[in-house]
Amino acid sequence: METQQLIVKFRSKGYKVTPQRLAICEFVLSSKDHPTADRIHQELKKKYPTMSLATVYQTLHILSEIGLLQELGFTYTTSRYDPDTSPHIHIICKKCGKIQDYKSESIERLWAQVVEELKIKPIGQRLDIYRYCDQCQKSEN
Ligand SMILES: [Zn+2]
Ligand SMILES: [Zn+2]
């Protein structure tokens with residue numbers, strides 16, 4: 001998404017766009033590894049030493065509210081954030097927390113079929129598969 005579009009979206013919801021908020025948006029919307037708020041904070045504090053973790057959370061919530069970000073909450077660990085809001089499967093390592101995306105036509109077909117059967121208009125979805133990743137499996141042995 002273009003910065004200008006992002007600013008328009010923020011303002012349409014009554015939110016101000018600050019350089020810190022923009023930096024958070026840019027970072028998380030281009031991320032591929034489903035970062036935690038902490039990691040985003042650690043990364044951006046290098047450039048914005050005054051940035052607070054609260055600002056990170058606030059911005060992530062705004063992005064979720066305007067539909068650009070999916071928060072993946074877990075009962076056993078902190079939330080992760082995903083800029084890809086289309087139907088895809090998360091392959092999650094229960095030990096190290098690594099999250100990989102799996103996208104395929106079969107998921108899209110199944111998803112379209114389920115939505116049709118339910119006759120609903122979904123506003124989000126989440127498909128998780130848990131496992132131990134190759135590395136964690138190796139370290140177990
Ligand atoms: Zn692992
Ligand atoms: Zn994902």
# chains A, B, ... in the order shown; residues from 1 in each chain; ligands from 1
>>> select_by_dssp(residues="segment 14-119 of chain A", states="strand (DSSP E)", output="VMD selection string")
chain A and resid 70 to 72 80 to 82 89 to 93 99 to 102
>>> closest_atom_pairs(of="chain A", to="ligand 2", cutoff="12 Å", atoms="only C-alpha atoms and all ligand atoms", output="tab-separated table")
residue	atom	partner	partner_atom_place_in_ligand_line	distance
A:Leu29	CA	ligand 2	1 (Zn)	11.6
A:Ser30	CA	ligand 2	1 (Zn)	12.0
A:Ser31	CA	ligand 2	1 (Zn)	9.9
A:Lys32	CA	ligand 2	1 (Zn)	7.7
A:Asp33	CA	ligand 2	1 (Zn)	7.8
A:His34	CA	ligand 2	1 (Zn)	6.6
A:Pro35	CA	ligand 2	1 (Zn)	10.4
A:Leu69	CA	ligand 2	1 (Zn)	10.0
A:Gln70	CA	ligand 2	1 (Zn)	8.4
A:Glu71	CA	ligand 2	1 (Zn)	9.9
A:Leu72	CA	ligand 2	1 (Zn)	8.9
A:Arg80	CA	ligand 2	1 (Zn)	9.5
A:Tyr81	CA	ligand 2	1 (Zn)	8.2
A:Asp82	CA	ligand 2	1 (Zn)	5.3
A:Pro83	CA	ligand 2	1 (Zn)	7.3
A:Asp84	CA	ligand 2	1 (Zn)	5.7
A:Thr85	CA	ligand 2	1 (Zn)	7.5
A:Ser86	CA	ligand 2	1 (Zn)	8.5
A:Pro87	CA	ligand 2	1 (Zn)	8.7
A:His88	CA	ligand 2	1 (Zn)	6.6
A:Ile89	CA	ligand 2	1 (Zn)	7.0
A:His90	CA	ligand 2	1 (Zn)	5.7
A:Ile91	CA	ligand 2	1 (Zn)	8.8
A:Ile92	CA	ligand 2	1 (Zn)	10.0
A:Lys98	CA	ligand 2	1 (Zn)	11.0
A:Ile99	CA	ligand 2	1 (Zn)	7.3
A:Gln100	CA	ligand 2	1 (Zn)	6.8
A:Asp101	CA	ligand 2	1 (Zn)	4.9
A:Tyr102	CA	ligand 2	1 (Zn)	7.8
A:Lys103	CA	ligand 2	1 (Zn)	9.0
A:Gln125	CA	ligand 2	1 (Zn)	11.0
A:Arg126	CA	ligand 2	1 (Zn)	9.0
A:Leu127	CA	ligand 2	1 (Zn)	9.3
A:Asp128	CA	ligand 2	1 (Zn)	9.4
A:Ile129	CA	ligand 2	1 (Zn)	11.7
>>> closest_atom_pairs(of="chain A", to="ligand 1", cutoff="12 Å", atoms="only C-alpha atoms and all ligand atoms", output="tab-separated table")
residue	atom	partner	partner_atom_place_in_ligand_line	distance
A:Ile91	CA	ligand 1	1 (Zn)	10.4
A:Ile92	CA	ligand 1	1 (Zn)	8.0
A:Cys93	CA	ligand 1	1 (Zn)	4.6
A:Lys94	CA	ligand 1	1 (Zn)	6.6
A:Lys95	CA	ligand 1	1 (Zn)	5.1
A:Cys96	CA	ligand 1	1 (Zn)	4.1
A:Gly97	CA	ligand 1	1 (Zn)	6.1
A:Lys98	CA	ligand 1	1 (Zn)	5.8
A:Ile99	CA	ligand 1	1 (Zn)	8.8
A:Gln100	CA	ligand 1	1 (Zn)	10.6
A:Tyr130	CA	ligand 1	1 (Zn)	10.2
A:Arg131	CA	ligand 1	1 (Zn)	8.1
A:Tyr132	CA	ligand 1	1 (Zn)	5.3
A:Cys133	CA	ligand 1	1 (Zn)	4.2
A:Asp134	CA	ligand 1	1 (Zn)	6.7
A:Gln135	CA	ligand 1	1 (Zn)	5.8
A:Cys136	CA	ligand 1	1 (Zn)	4.3
A:Gln137	CA	ligand 1	1 (Zn)	7.3
A:Lys138	CA	ligand 1	1 (Zn)	9.4
A:Ser139	CA	ligand 1	1 (Zn)	9.3
A:Glu140	CA	ligand 1	1 (Zn)	10.2
>>> atom_distance(atom1="atom CA of Leu22 of chain A", atom2="atom CA of Ile7 of chain A")
8.5 Å
>>> closest_residue(among="A:Glu117, A:Lys46, A:Val56, A:Glu2", to="Thr18 of chain A", atoms="only C-alpha atoms")
A:Val56
>>> atom_distance(atom1="atom CA of Glu65 of chain A", atom2="atom CA of Arg109 of chain A")
26.9 Å
>>> select_by_dssp(residues="segment 9-99 of chain A", states="alpha helix (DSSP H)", output="PyMOL selection string")
chain A and resi 9-12+19-29+37-45+53-65
>>> write_last_selection(atoms="C-alpha atoms", output="PDB file, in the first residue's frame")
ATOM      1  CA  LYS A   9      -7.138   5.502   5.679  1.00  0.00           C
ATOM      2  CA  PHE A  10      -5.784   6.629   9.045  1.00  0.00           C
ATOM      3  CA  ARG A  11      -7.401  10.040   8.737  1.00  0.00           C
ATOM      4  CA  SER A  12     -10.741   8.590   7.648  1.00  0.00           C
ATOM      5  CA  PRO A  19       6.528   9.697  11.487  1.00  0.00           C
ATOM      6  CA  GLN A  20       6.752   6.986  14.177  1.00  0.00           C
ATOM      7  CA  ARG A  21       3.395   5.500  13.253  1.00  0.00           C
ATOM      8  CA  LEU A  22       4.366   5.538   9.587  1.00  0.00           C
ATOM      9  CA  ALA A  23       7.627   3.750  10.339  1.00  0.00           C
ATOM     10  CA  ILE A  24       5.732   1.049  12.259  1.00  0.00           C
ATOM     11  CA  CYS A  25       3.285   0.644   9.363  1.00  0.00           C
ATOM     12  CA  GLU A  26       6.063   0.366   6.818  1.00  0.00           C
ATOM     13  CA  PHE A  27       7.918  -2.187   8.890  1.00  0.00           C
ATOM     14  CA  VAL A  28       5.034  -4.462   9.723  1.00  0.00           C
ATOM     15  CA  LEU A  29       3.279  -4.239   6.351  1.00  0.00           C
ATOM     16  CA  ALA A  37       5.202  -6.048  18.880  1.00  0.00           C
ATOM     17  CA  ASP A  38       8.413  -6.399  20.893  1.00  0.00           C
ATOM     18  CA  ARG A  39      10.462  -7.256  17.854  1.00  0.00           C
ATOM     19  CA  ILE A  40       9.017  -4.356  15.885  1.00  0.00           C
ATOM     20  CA  HIS A  41       9.821  -2.088  18.822  1.00  0.00           C
ATOM     21  CA  GLN A  42      13.403  -3.380  19.162  1.00  0.00           C
ATOM     22  CA  GLU A  43      13.995  -2.913  15.452  1.00  0.00           C
ATOM     23  CA  LEU A  44      12.568   0.610  15.172  1.00  0.00           C
ATOM     24  CA  LYS A  45      14.063   1.937  18.404  1.00  0.00           C
ATOM     25  CA  LEU A  53       6.067  -0.005  23.026  1.00  0.00           C
ATOM     26  CA  ALA A  54       2.631   1.532  23.622  1.00  0.00           C
ATOM     27  CA  THR A  55       2.929   3.436  20.331  1.00  0.00           C
ATOM     28  CA  VAL A  56       3.755   0.180  18.571  1.00  0.00           C
ATOM     29  CA  TYR A  57       0.698  -1.572  20.038  1.00  0.00           C
ATOM     30  CA  GLN A  58      -1.542   1.396  19.294  1.00  0.00           C
ATOM     31  CA  THR A  59      -0.462   1.521  15.662  1.00  0.00           C
ATOM     32  CA  LEU A  60      -0.860  -2.246  15.264  1.00  0.00           C
ATOM     33  CA  HIS A  61      -4.398  -1.962  16.606  1.00  0.00           C
ATOM     34  CA  ILE A  62      -5.235   0.808  14.158  1.00  0.00           C
ATOM     35  CA  LEU A  63      -3.886  -1.271  11.279  1.00  0.00           C
ATOM     36  CA  SER A  64      -5.987  -4.232  12.415  1.00  0.00           C
ATOM     37  CA  GLU A  65      -9.038  -2.019  12.723  1.00  0.00           C
TER      38      GLU A  65
END
>>> atom_distance(atom1="atom CA of Lys47 of chain A", atom2="atom CA of Lys16 of chain A")
20.4 Å
>>> decode(residues="segment 117-134 of chain A", atoms="N, CA and C atoms", output="short mmCIF file (atom, residue, chain, number, x, y, z; two decimals), in the first residue's frame")
data_model
loop_
_atom_site.label_atom_id
_atom_site.label_comp_id
_atom_site.auth_asym_id
_atom_site.auth_seq_id
_atom_site.Cartn_x
_atom_site.Cartn_y
_atom_site.Cartn_z
N GLU A 117 -21.22 -22.36 1.32
CA GLU A 117 -22.09 -23.24 2.09
C GLU A 117 -22.70 -22.52 3.30
N LEU A 118 -21.88 -21.72 3.95
CA LEU A 118 -22.33 -21.03 5.16
C LEU A 118 -23.22 -19.83 4.86
N LYS A 119 -23.13 -19.35 3.62
CA LYS A 119 -23.87 -18.16 3.21
C LYS A 119 -23.60 -16.98 4.16
N ILE A 120 -22.33 -16.76 4.43
CA ILE A 120 -21.96 -15.63 5.27
C ILE A 120 -20.92 -14.80 4.54
N LYS A 121 -20.71 -13.60 5.06
CA LYS A 121 -19.68 -12.74 4.50
C LYS A 121 -18.59 -12.61 5.57
N PRO A 122 -17.53 -13.39 5.44
CA PRO A 122 -16.51 -13.37 6.50
C PRO A 122 -15.77 -12.04 6.57
N ILE A 123 -15.39 -11.66 7.77
CA ILE A 123 -14.57 -10.45 7.91
C ILE A 123 -13.15 -10.81 8.33
N GLY A 124 -12.88 -12.09 8.37
CA GLY A 124 -11.53 -12.55 8.70
C GLY A 124 -11.54 -14.05 8.83
N GLN A 125 -10.36 -14.61 8.94
CA GLN A 125 -10.26 -16.06 9.11
C GLN A 125 -8.88 -16.39 9.65
N ARG A 126 -8.76 -17.62 10.09
CA ARG A 126 -7.48 -18.03 10.61
C ARG A 126 -7.36 -19.54 10.54
N LEU A 127 -6.31 -20.00 9.91
CA LEU A 127 -6.10 -21.44 9.74
C LEU A 127 -4.69 -21.77 10.25
N ASP A 128 -4.61 -22.48 11.35
CA ASP A 128 -3.31 -22.79 11.95
C ASP A 128 -3.06 -24.29 11.99
N ILE A 129 -1.84 -24.66 11.68
CA ILE A 129 -1.41 -26.04 11.88
C ILE A 129 -0.19 -25.99 12.80
N TYR A 130 -0.20 -26.80 13.83
CA TYR A 130 0.92 -26.82 14.77
C TYR A 130 1.81 -28.03 14.52
N ARG A 131 3.09 -27.81 14.78
CA ARG A 131 4.06 -28.91 14.63
C ARG A 131 5.35 -28.48 15.31
N TYR A 132 6.36 -29.37 15.27
CA TYR A 132 7.71 -28.97 15.63
C TYR A 132 8.48 -28.84 14.33
N CYS A 133 9.14 -27.68 14.13
CA CYS A 133 9.87 -27.47 12.88
C CYS A 133 11.08 -28.40 12.83
N ASP A 134 11.68 -28.50 11.64
CA ASP A 134 12.81 -29.42 11.45
C ASP A 134 13.91 -29.19 12.47
#
